[in-house]
Each structure stands twice: as structure tokens, then as C-alpha cells.
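Participant: Contents of target12.txt (compact mmCIF, C-alpha atoms) are given next:
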```txt
# COMPACT_ATOMS: atom_id res chain seq x y z
CA MET Z 152 0.50 59.30 20.89
CA LYS Z 153 3.48 59.46 18.52
CA LYS Z 154 5.87 59.16 21.47
CA ILE Z 155 4.16 55.97 22.67
CA VAL Z 156 4.26 54.40 19.20
CA SER Z 157 7.92 55.33 18.76
CA ILE Z 158 8.83 53.89 22.19
CA VAL Z 159 7.01 50.62 21.37
CA MET Z 160 8.77 50.39 18.00
CA LEU Z 161 12.12 51.07 19.65
CA MET Z 162 11.51 48.29 22.19
CA ILE Z 163 10.56 45.84 19.41
CA CYS Z 164 13.79 46.70 17.57
CA PHE Z 165 15.90 46.14 20.70
CA ILE Z 166 14.26 42.77 21.36
CA SER Z 167 14.70 41.58 17.78
CA PHE Z 168 18.36 42.70 17.74
CA ALA Z 169 18.94 40.93 21.05
CA ASN Z 170 17.55 37.67 19.61
CA ALA Z 171 19.74 38.06 16.52
CA GLN Z 172 22.87 38.48 18.66
CA LYS Z 173 22.64 35.11 20.42
CA GLY Z 174 26.01 33.49 20.89
CA LYS Z 175 27.96 31.26 18.55
CA LYS Z 176 28.62 27.63 19.25
CA ASP Z 177 31.29 25.84 17.19
CA ASP Z 178 31.36 28.69 14.62
CA VAL Z 179 27.70 28.10 13.77
CA PHE Z 180 24.99 30.60 14.60
CA ASN Z 181 22.22 29.20 16.77
CA ASN Z 182 18.83 30.76 16.30
CA PRO Z 183 16.39 29.43 18.90
CA ASN Z 184 13.41 30.61 16.84
CA ASN Z 185 14.13 28.19 13.98
CA LYS Z 186 13.17 24.59 14.64
CA ALA Z 187 15.04 22.28 12.29
CA ALA Z 188 13.16 19.21 11.15
CA ARG Z 189 14.19 16.36 13.39
CA ILE Z 190 15.14 13.07 11.80
CA LEU Z 191 12.45 10.85 13.30
CA PRO Z 192 9.91 8.35 12.02
CA ASP Z 193 6.19 9.16 11.84
CA LEU Z 194 3.72 6.28 11.62
CA ASN Z 195 0.10 6.63 10.58
CA ILE Z 196 -2.55 3.91 10.49
CA LEU Z 197 -5.60 3.07 8.43
CA LEU Z 198 -8.04 0.46 9.76
CA VAL Z 199 -10.32 -1.45 7.38
CA PRO Z 200 -12.54 -4.01 9.16
CA ARG Z 201 -13.90 -6.98 7.22
CA LEU Z 202 -17.41 -5.72 6.52
CA THR Z 203 -20.54 -7.60 5.40
CA ASN Z 204 -24.20 -6.75 4.72
CA GLY Z 205 -23.49 -3.64 2.68
CA GLY Z 206 -20.80 -2.38 5.03
CA THR Z 207 -22.93 -2.12 8.18
CA GLU Z 208 -21.64 -5.21 9.99
CA ALA Z 209 -18.10 -6.20 10.99
CA VAL Z 210 -17.16 -9.87 11.06
CA TYR Z 211 -16.21 -11.51 14.35
CA GLU Z 212 -15.32 -15.10 15.24
CA PRO Z 213 -15.66 -16.69 18.69
CA VAL Z 214 -12.39 -18.14 20.00
CA VAL Z 215 -12.78 -21.92 20.11
CA GLY Z 216 -12.78 -23.43 23.60
CA VAL Z 217 -12.77 -20.12 25.49
CA ASN Z 218 -15.97 -18.41 26.59
CA GLY Z 219 -16.20 -14.64 26.19
CA ARG Z 220 -13.21 -14.17 23.84
CA ILE Z 221 -13.64 -13.19 20.22
CA LYS Z 222 -11.47 -12.47 17.17
CA ILE Z 223 -12.13 -9.48 14.95
CA PRO Z 224 -10.27 -9.79 11.64
CA VAL Z 225 -9.19 -6.47 10.14
CA ASN Z 226 -6.86 -5.10 7.49
CA LEU Z 227 -4.34 -2.46 8.52
CA ILE Z 228 -2.31 -0.15 6.31
CA ILE Z 229 0.55 1.43 8.25
CA LYS Z 230 2.77 4.07 6.61
CA ASN Z 231 5.99 5.66 7.76
CA VAL Z 232 5.82 9.26 6.53
CA GLY Z 233 8.73 10.42 8.70
CA PHE Z 234 12.42 10.94 7.96
CA ALA Z 235 13.82 7.76 9.53
CA THR Z 236 13.17 4.05 9.93
CA SER Z 237 10.76 3.31 12.78
CA LYS Z 238 11.44 1.03 15.71
CA PRO Z 239 9.32 -2.05 16.45
CA CYS Z 240 6.11 -1.10 18.24
CA LYS Z 241 2.64 -2.44 19.12
CA VAL Z 242 -0.84 -2.00 17.65
CA VAL Z 243 -4.01 -2.45 19.73
CA LEU Z 244 -7.66 -2.63 18.62
CA TYR Z 245 -10.29 -0.88 20.77
CA ALA Z 246 -13.94 -1.94 20.60
CA HIS Z 247 -16.16 0.58 22.39
CA TYR Z 248 -19.63 -0.80 23.01
CA GLN Z 249 -22.89 0.05 24.71
CA ARG Z 250 -23.76 -1.50 28.04
CA LYS Z 251 -26.36 -0.69 30.65
CA ARG Z 252 -25.62 2.52 32.48
CA THR Z 253 -24.74 2.39 36.14
CA LEU Z 254 -26.40 4.65 38.68
CA SER Z 255 -23.25 6.78 38.83
CA GLU Z 256 -23.26 7.21 35.04
CA ILE Z 257 -26.91 8.25 35.11
CA GLU Z 258 -26.14 10.81 37.83
CA HIS Z 259 -23.23 12.22 35.84
CA GLY Z 260 -25.25 12.62 32.64
CA VAL Z 261 -24.08 9.72 30.49
CA ALA Z 262 -26.70 9.47 27.74
CA GLU Z 263 -28.75 6.35 27.05
CA GLY Z 264 -27.13 4.45 24.18
CA ALA Z 265 -23.67 5.95 24.81
CA PHE Z 266 -20.60 3.87 24.11
CA ASN Z 267 -19.73 3.64 27.79
CA ASP Z 268 -17.42 0.61 27.91
CA ALA Z 269 -14.50 -0.72 25.90
CA ALA Z 270 -12.66 -3.94 25.26
CA VAL Z 271 -8.97 -3.85 24.38
CA SER Z 272 -7.33 -6.48 22.21
CA GLU Z 273 -4.10 -8.30 22.80
CA PRO Z 274 -1.28 -6.23 21.24
CA MET Z 275 0.03 -7.04 17.78
CA LEU Z 276 3.78 -6.62 17.36
CA LEU Z 277 4.72 -4.40 14.42
CA GLU Z 278 8.18 -4.71 12.90
CA ALA Z 279 10.28 -1.69 11.94
CA ILE Z 280 9.11 0.17 8.82
CA GLU Z 281 11.56 1.99 6.57
CA GLN Z 282 11.18 5.66 5.69
CA GLY Z 283 8.50 6.24 3.03
CA LYS Z 284 7.29 2.62 3.03
CA ASP Z 285 3.85 1.27 3.83
CA VAL Z 286 2.81 -2.17 5.03
CA GLY Z 287 -0.50 -3.95 4.54
CA ILE Z 288 -1.37 -6.37 7.35
CA ASN Z 289 -4.27 -8.82 7.65
CA HIS Z 290 -4.65 -9.61 11.35
CA ALA Z 291 -7.32 -11.02 13.67
CA PHE Z 292 -7.23 -9.16 17.00
CA ILE Z 293 -8.28 -11.22 20.03
CA LEU Z 294 -10.41 -9.40 22.60
CA ASN Z 295 -10.49 -10.87 26.12
CA ARG Z 296 -13.63 -10.92 28.28
CA PHE Z 297 -15.78 -9.50 25.51
CA PRO Z 298 -19.36 -9.39 26.83
CA ASN Z 299 -21.96 -11.70 25.33
CA LEU Z 300 -24.33 -8.75 24.91
CA ALA Z 301 -22.08 -6.87 22.46
CA PRO Z 302 -22.33 -9.16 19.38
CA GLY Z 303 -25.39 -7.99 17.47
CA LYS Z 304 -25.10 -4.47 18.91
CA LYS Z 305 -23.26 -1.41 17.67
CA VAL Z 306 -19.56 -1.08 18.42
CA ARG Z 307 -16.93 1.49 17.54
CA LEU Z 308 -13.69 0.00 16.28
CA SER Z 309 -10.41 1.90 16.22
CA ALA Z 310 -6.76 0.88 16.12
CA ILE Z 311 -3.95 2.67 17.95
CA ILE Z 312 -0.17 2.46 17.50
CA PHE Z 313 1.80 2.52 20.75
CA TYR Z 314 5.29 3.74 19.91
CA GLN Z 315 8.09 3.80 22.48
CA PRO Z 316 9.65 6.14 23.46
CA LEU Z 317 6.74 8.56 23.63
CA ASN Z 318 8.67 11.39 21.94
CA GLY Z 319 10.28 9.07 19.37
CA GLU Z 320 8.07 10.25 16.50
CA LEU Z 321 7.58 13.54 14.70
CA SER Z 322 3.88 13.47 15.60
CA SER Z 323 1.77 11.01 17.55
CA ASP Z 324 -1.48 12.66 16.43
CA ASN Z 325 -1.83 10.23 13.52
CA ASN Z 326 -1.27 7.07 15.58
CA LYS Z 327 -5.02 6.49 15.93
CA SER Z 328 -7.14 5.22 13.08
CA ARG Z 329 -10.51 6.45 11.93
CA VAL Z 330 -13.41 5.11 14.03
CA PHE Z 331 -15.80 2.62 12.42
CA GLU Z 332 -19.27 2.37 13.96
CA VAL Z 333 -20.61 -1.07 12.99
CA ILE Z 334 -22.59 -4.05 14.27
CA LEU Z 335 -20.69 -7.24 15.08
CA ALA Z 336 -21.91 -10.27 13.16
CA THR Z 337 -20.61 -13.77 12.45
CA GLU Z 338 -19.74 -14.55 8.86
CA LEU Z 339 -22.25 -16.91 7.25
```
Represent the supplied structure as C-alpha cells.

Facilitator:
Amino acid sequence: MKKIVSIVMLMICFISFANAQKGKKDDVFNNPNNKAARILPDLNILLVPRLTNGGTEAVYEPVVGVNGRIKIPVNLIIKNVGFATSKPCKVVLYAHYQRKRTLSEIEHGVAEGAFNDAAVSEPMLLEAIEQGKDVGINHAFILNRFPNLAPGKKVRLSAIIFYQPLNGELSSDNNKSRVFEVILATEL
């Protein structure tokens, strides 16, 4: 048993010494195990819909002259918590809503009352944000072909930042806002 433990320890020592002896490049030691912080931006988003009726309903406005399109006014707070100024990007609002299940959805186990469809807004252009700065934006997202059945029913609202290139940020995990589950209602 002692021989096995000593052999394993010897192998671990050889491997660690081999990693420590990696070559030099331009008189600077390169250690592949250390990942230096990259100088990239990192945007995160906070969505605050305009709420009424004690915070259970989100305000929407029909688009004048066009049937089936609506505006959902929201407030966005976007922060750059990275180490560099961001590039211009786009923000989109998703409204997931409940619609009648199809036969295929019933067969595949989609529950009654599930949020089984979504409407996507027209993208909002977001200007570059400097490192450590935050921006408050009041914007009305326009959703195309929004069904007439959805106003008055529950929807889930969330905003997503689409940043190009895909690996141009430290982390894209915080590019989606918290989800608000509300009822759409017109402001009286």
C-alpha cells in the first residue's frame, strides 16, 4: 500500500514540475493554468415594466392604425460592470404568453396554462456604455402580430441584450433580465 501511495505522489510531482517548466516566450513565463482577466465589457440589464393596479398589471398601448401591434413601455437600467467600454448593441423585449395548446403540444406533455408562445419586439439600439457607467432608458417596445387574446391574460416579460461578437463580453450570463409575470392592461 505504501508503494502505491509513493508512486502516485511521485507521478503528481513529475506532472506539476512538468507544468512549471513550460517554455518562455519573450522573456516572460507563460503559465497556462493562470487565466488573466481579459479587458472586455460586461453588460447587465434590469427591466422595470410600468405597472398598475398594485403591481399586478403591465401597461400596454395599441399602435394606432395597425391591427395586432402593441407598445409596452418599460424602464431599463443597463450597467457596464466590465473592464472596457462596450460596443453598440441591441435590446429586445420578449413577451411569453398562454395560447391554446396544439394536439402536438398535448401529446408531448405541455401543461394547460403553460406559456407556450412568445412575441418578440422590434430591437432597440443601445449606444456604447463606458466602463463602470449605468444608463437609465425609458422605451416603448413595439411587438408585431401580438395576438388579440393576450391582453387581459398573464404574460412573462423579459429583456435580452444581444451583443456582437458573441465572445465580446466577459460573461453573457447577465444579458437577460429578471422575468416579470403580469397581466397586460391599458392605462386608464

Participant: I'd like the neighbourhood of Lys241 (chain Z) as a PyMOL selection string, where a residue qualifies if any of its atoms comes within 10 Å (using all atoms listed in the file), though same-chain residues fewer than 5 positions away should be ignored.

Facilitator: chain Z and resi 273-278+311-315

Participant: Just to be explicit: take each residue in the selection above, keep C-alpha atoms, and write the result as a PDB file, in the coordinates of the input.

Facilitator:
```pdb
ATOM      1  CA  GLU Z 273      -4.100  -8.300  22.800  1.00  0.00           C
ATOM      2  CA  PRO Z 274      -1.280  -6.230  21.240  1.00  0.00           C
ATOM      3  CA  MET Z 275       0.030  -7.040  17.780  1.00  0.00           C
ATOM      4  CA  LEU Z 276       3.780  -6.620  17.360  1.00  0.00           C
ATOM      5  CA  LEU Z 277       4.720  -4.400  14.420  1.00  0.00           C
ATOM      6  CA  GLU Z 278       8.180  -4.710  12.900  1.00  0.00           C
ATOM      7  CA  ILE Z 311      -3.950   2.670  17.950  1.00  0.00           C
ATOM      8  CA  ILE Z 312      -0.170   2.460  17.500  1.00  0.00           C
ATOM      9  CA  PHE Z 313       1.800   2.520  20.750  1.00  0.00           C
ATOM     10  CA  TYR Z 314       5.290   3.740  19.910  1.00  0.00           C
ATOM     11  CA  GLN Z 315       8.090   3.800  22.480  1.00  0.00           C
TER      12      GLN Z 315
END
```

Participant: Which residue out of Z:Ser309, Z:Asn295, Z:Gln282, Z:Asn325 has the minimum interatomic distance to Ala235 (chain Z) when all atoms listed in the file are used?

Facilitator: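 Residue with the minimum atom-to-atom distance to Ala235 (chain Z): Z:Gln282.
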
Participant: Distance CA of Asn218 (chain Z)-CA of Ala270 (chain Z), one decimal place?

Facilitator: 14.9 Å

Participant: Would you list the residues near (-5.5, 3.0, 10.7), meaning any protein, DNA or RNA residue with an atom at most 7 Å from that point in file coordinates, counting only C-alpha atoms, as a VMD selection string?

Facilitator: chain Z and resid 195 to 198 227 to 229 310 327 to 329

Participant: May I have the selected residues written with C-alpha atoms, as a CSV table (one decimal), in the coordinates of the input?

Facilitator:
```
chain,number,residue,atom,x,y,z
Z,195,ASN,CA,0.1,6.6,10.6
Z,196,ILE,CA,-2.6,3.9,10.5
Z,197,LEU,CA,-5.6,3.1,8.4
Z,198,LEU,CA,-8.0,0.5,9.8
Z,227,LEU,CA,-4.3,-2.5,8.5
Z,228,ILE,CA,-2.3,-0.2,6.3
Z,229,ILE,CA,0.6,1.4,8.2
Z,310,ALA,CA,-6.8,0.9,16.1
Z,327,LYS,CA,-5.0,6.5,15.9
Z,328,SER,CA,-7.1,5.2,13.1
Z,329,ARG,CA,-10.5,6.4,11.9
```

Participant: Pick out the residues sitting within 12 Å of Pro213 (chain Z), and hand them over as a ChimeraX atom specification; count all atoms listed in the file, and ignore anything fewer than 2 positions along from it in its own chain.

Facilitator: /Z:210-211,215-224,291-299,302,335-338

Participant: So, with all atoms listed in the file as the atoms that count, which of Z:Asn267, Z:Ser237, Z:Ser167, Z:Ser322 lies closest to Gln249 (chain Z)?

Facilitator: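 Looking at the shortest contact to Gln249 (chain Z), the residue is Z:Asn267.
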
Participant: What's around Leu194 (chain Z) at 7 Å? Count only C-alpha atoms, leave out sequence neighbours fewer than 4 positions away in its own chain, and write the answer as a ChimeraX atom specification.

Facilitator: /Z:229-232,326

Participant: Can you write out as a Markdown table which residues of region 261-332 of chain Z fall within 10 Å of region 189-192 of chain Z, alongside each residue's closest atom pair and its distance in Å to one decimal, counting all atoms listed in the file and ordering rows by chain and ascending residue number?

Facilitator:
```
| residue | atom | partner | partner_atom | distance |
| --- | --- | --- | --- | --- |
| Z:Ile280 | CA | Z:Pro192 | CA | 8.8 |
| Z:Glu281 | CA | Z:Pro192 | CA | 8.5 |
| Z:Gln282 | CA | Z:Pro192 | CA | 7.0 |
| Z:Gly283 | CA | Z:Pro192 | CA | 9.3 |
| Z:Asn318 | CA | Z:Leu191 | CA | 9.4 |
| Z:Gly319 | CA | Z:Leu191 | CA | 6.7 |
| Z:Glu320 | CA | Z:Pro192 | CA | 5.2 |
| Z:Leu321 | CA | Z:Leu191 | CA | 5.7 |
| Z:Ser322 | CA | Z:Pro192 | CA | 8.7 |
```

Participant: Compare Z:Leu244, Z:Ser272, Z:Asn204, Z:Val286 by their minimum atom-to-atom distance to Phe331 (chain Z), counting all atoms listed in the file, and give me the closest one.

Facilitator: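 For Phe331 (chain Z), the nearest of the candidates is Z:Leu244.
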
Participant: Output: region 153-169 of chain Z of the preceding structure, restricted to all heavy atoms, written as an mmCIF file, in the first residue's frame.

Facilitator:
```
data_model
loop_
_atom_site.group_PDB
_atom_site.id
_atom_site.type_symbol
_atom_site.label_atom_id
_atom_site.label_comp_id
_atom_site.auth_asym_id
_atom_site.auth_seq_id
_atom_site.Cartn_x
_atom_site.Cartn_y
_atom_site.Cartn_z
ATOM 1 N N LYS Z 153 1.958 1.238 0.771
ATOM 2 C CA LYS Z 153 2.857 2.379 0.829
ATOM 3 C C LYS Z 153 3.525 2.607 -0.516
ATOM 4 O O LYS Z 153 3.770 3.750 -0.911
ATOM 5 C CB LYS Z 153 3.917 2.173 1.905
ATOM 6 C CG LYS Z 153 3.385 2.258 3.314
ATOM 7 C CD LYS Z 153 4.507 2.076 4.300
ATOM 8 C CE LYS Z 153 3.984 2.149 5.720
ATOM 9 N NZ LYS Z 153 5.066 1.967 6.707
ATOM 10 N N LYS Z 154 3.835 1.520 -1.237
ATOM 11 C CA LYS Z 154 4.466 1.651 -2.547
ATOM 12 C C LYS Z 154 3.527 2.340 -3.528
ATOM 13 O O LYS Z 154 3.950 3.190 -4.321
ATOM 14 C CB LYS Z 154 4.870 0.277 -3.084
ATOM 15 C CG LYS Z 154 6.028 -0.344 -2.347
ATOM 16 C CD LYS Z 154 6.381 -1.676 -2.953
ATOM 17 C CE LYS Z 154 7.522 -2.331 -2.193
ATOM 18 N NZ LYS Z 154 7.885 -3.626 -2.770
ATOM 19 N N ILE Z 155 2.241 1.982 -3.485
ATOM 20 C CA ILE Z 155 1.264 2.580 -4.403
ATOM 21 C C ILE Z 155 1.119 4.075 -4.114
ATOM 22 O O ILE Z 155 1.116 4.902 -5.041
ATOM 23 C CB ILE Z 155 -0.091 1.857 -4.289
ATOM 24 C CG1 ILE Z 155 0.053 0.422 -4.796
ATOM 25 C CG2 ILE Z 155 -1.168 2.596 -5.060
ATOM 26 C CD1 ILE Z 155 -1.179 -0.429 -4.591
ATOM 27 N N VAL Z 156 1.019 4.426 -2.840
ATOM 28 C CA VAL Z 156 0.885 5.837 -2.463
ATOM 29 C C VAL Z 156 2.134 6.612 -2.882
ATOM 30 O O VAL Z 156 2.045 7.729 -3.406
ATOM 31 C CB VAL Z 156 0.625 5.967 -0.942
ATOM 32 C CG1 VAL Z 156 0.689 7.421 -0.499
ATOM 33 C CG2 VAL Z 156 -0.716 5.359 -0.581
ATOM 34 N N SER Z 157 3.308 6.042 -2.678
ATOM 35 C CA SER Z 157 4.534 6.740 -3.048
ATOM 36 C C SER Z 157 4.652 6.896 -4.560
ATOM 37 O O SER Z 157 5.127 7.927 -5.052
ATOM 38 C CB SER Z 157 5.765 6.042 -2.465
ATOM 39 O OG SER Z 157 5.887 4.745 -3.009
ATOM 40 N N ILE Z 158 4.217 5.907 -5.329
ATOM 41 C CA ILE Z 158 4.251 6.005 -6.789
ATOM 42 C C ILE Z 158 3.293 7.098 -7.264
ATOM 43 O O ILE Z 158 3.632 7.901 -8.137
ATOM 44 C CB ILE Z 158 3.927 4.638 -7.440
ATOM 45 C CG1 ILE Z 158 5.076 3.663 -7.184
ATOM 46 C CG2 ILE Z 158 3.675 4.797 -8.928
ATOM 47 C CD1 ILE Z 158 4.790 2.244 -7.618
ATOM 48 N N VAL Z 159 2.092 7.157 -6.671
ATOM 49 C CA VAL Z 159 1.108 8.183 -7.051
ATOM 50 C C VAL Z 159 1.650 9.570 -6.718
ATOM 51 O O VAL Z 159 1.549 10.505 -7.518
ATOM 52 C CB VAL Z 159 -0.246 7.913 -6.349
ATOM 53 C CG1 VAL Z 159 -1.183 9.102 -6.502
ATOM 54 C CG2 VAL Z 159 -0.888 6.650 -6.894
ATOM 55 N N MET Z 160 2.256 9.724 -5.552
ATOM 56 C CA MET Z 160 2.820 11.017 -5.161
ATOM 57 C C MET Z 160 3.963 11.420 -6.091
ATOM 58 O O MET Z 160 4.097 12.600 -6.464
ATOM 59 C CB MET Z 160 3.327 10.963 -3.709
ATOM 60 C CG MET Z 160 2.230 10.818 -2.682
ATOM 61 S SD MET Z 160 1.090 12.182 -2.710
ATOM 62 C CE MET Z 160 2.113 13.462 -2.051
ATOM 63 N N LEU Z 161 4.782 10.458 -6.485
ATOM 64 C CA LEU Z 161 5.877 10.727 -7.399
ATOM 65 C C LEU Z 161 5.352 11.185 -8.757
ATOM 66 O O LEU Z 161 5.874 12.129 -9.359
ATOM 67 C CB LEU Z 161 6.757 9.476 -7.538
ATOM 68 C CG LEU Z 161 8.067 9.630 -8.287
ATOM 69 C CD1 LEU Z 161 8.957 10.658 -7.603
ATOM 70 C CD2 LEU Z 161 8.773 8.305 -8.391
ATOM 71 N N MET Z 162 4.298 10.554 -9.252
ATOM 72 C CA MET Z 162 3.699 10.941 -10.523
ATOM 73 C C MET Z 162 3.111 12.351 -10.441
ATOM 74 O O MET Z 162 3.239 13.142 -11.387
ATOM 75 C CB MET Z 162 2.637 9.924 -10.949
ATOM 76 C CG MET Z 162 3.236 8.578 -11.354
ATOM 77 S SD MET Z 162 2.003 7.344 -11.745
ATOM 78 C CE MET Z 162 1.197 8.068 -13.122
ATOM 79 N N ILE Z 163 2.464 12.686 -9.337
ATOM 80 C CA ILE Z 163 1.900 14.028 -9.165
ATOM 81 C C ILE Z 163 3.015 15.070 -9.183
ATOM 82 O O ILE Z 163 2.886 16.133 -9.793
ATOM 83 C CB ILE Z 163 1.071 14.097 -7.872
ATOM 84 C CG1 ILE Z 163 -0.201 13.258 -8.028
ATOM 85 C CG2 ILE Z 163 0.725 15.531 -7.517
ATOM 86 C CD1 ILE Z 163 -1.008 13.104 -6.759
ATOM 87 N N CYS Z 164 4.147 14.755 -8.512
ATOM 88 C CA CYS Z 164 5.281 15.680 -8.509
ATOM 89 C C CYS Z 164 5.831 15.889 -9.912
ATOM 90 O O CYS Z 164 6.121 17.020 -10.317
ATOM 91 C CB CYS Z 164 6.376 15.169 -7.582
ATOM 92 S SG CYS Z 164 5.967 15.287 -5.845
ATOM 93 N N PHE Z 165 6.005 14.804 -10.683
ATOM 94 C CA PHE Z 165 6.507 14.928 -12.043
ATOM 95 C C PHE Z 165 5.584 15.775 -12.906
ATOM 96 O O PHE Z 165 6.040 16.612 -13.682
ATOM 97 C CB PHE Z 165 6.707 13.547 -12.684
ATOM 98 C CG PHE Z 165 7.954 12.845 -12.240
ATOM 99 C CD1 PHE Z 165 7.908 11.530 -11.818
ATOM 100 C CD2 PHE Z 165 9.183 13.496 -12.242
ATOM 101 C CE1 PHE Z 165 9.056 10.879 -11.411
ATOM 102 C CE2 PHE Z 165 10.332 12.851 -11.842
ATOM 103 C CZ PHE Z 165 10.276 11.534 -11.414
ATOM 104 N N ILE Z 166 4.282 15.569 -12.778
ATOM 105 C CA ILE Z 166 3.321 16.339 -13.584
ATOM 106 C C ILE Z 166 3.355 17.812 -13.207
ATOM 107 O O ILE Z 166 3.353 18.690 -14.074
ATOM 108 C CB ILE Z 166 1.901 15.750 -13.438
ATOM 109 C CG1 ILE Z 166 1.849 14.361 -14.098
ATOM 110 C CG2 ILE Z 166 0.856 16.673 -14.053
ATOM 111 C CD1 ILE Z 166 0.583 13.598 -13.831
ATOM 112 N N SER Z 167 3.408 18.103 -11.916
ATOM 113 C CA SER Z 167 3.436 19.517 -11.507
ATOM 114 C C SER Z 167 4.742 20.189 -11.930
ATOM 115 O O SER Z 167 4.744 21.352 -12.329
ATOM 116 C CB SER Z 167 3.214 19.644 -9.999
ATOM 117 O OG SER Z 167 4.268 19.030 -9.299
ATOM 118 N N PHE Z 168 5.879 19.467 -11.848
ATOM 119 C CA PHE Z 168 7.141 20.042 -12.304
ATOM 120 C C PHE Z 168 7.129 20.241 -13.815
ATOM 121 O O PHE Z 168 7.673 21.224 -14.320
ATOM 122 C CB PHE Z 168 8.327 19.158 -11.907
ATOM 123 C CG PHE Z 168 8.647 19.201 -10.448
ATOM 124 C CD1 PHE Z 168 8.979 18.046 -9.778
ATOM 125 C CD2 PHE Z 168 8.625 20.387 -9.729
ATOM 126 C CE1 PHE Z 168 9.290 18.074 -8.428
ATOM 127 C CE2 PHE Z 168 8.920 20.432 -8.391
ATOM 128 C CZ PHE Z 168 9.255 19.265 -7.731
ATOM 129 N N ALA Z 169 6.495 19.354 -14.546
ATOM 130 C CA ALA Z 169 6.423 19.496 -15.999
ATOM 131 C C ALA Z 169 5.611 20.733 -16.373
ATOM 132 O O ALA Z 169 5.967 21.465 -17.305
ATOM 133 C CB ALA Z 169 5.817 18.242 -16.618
#
```
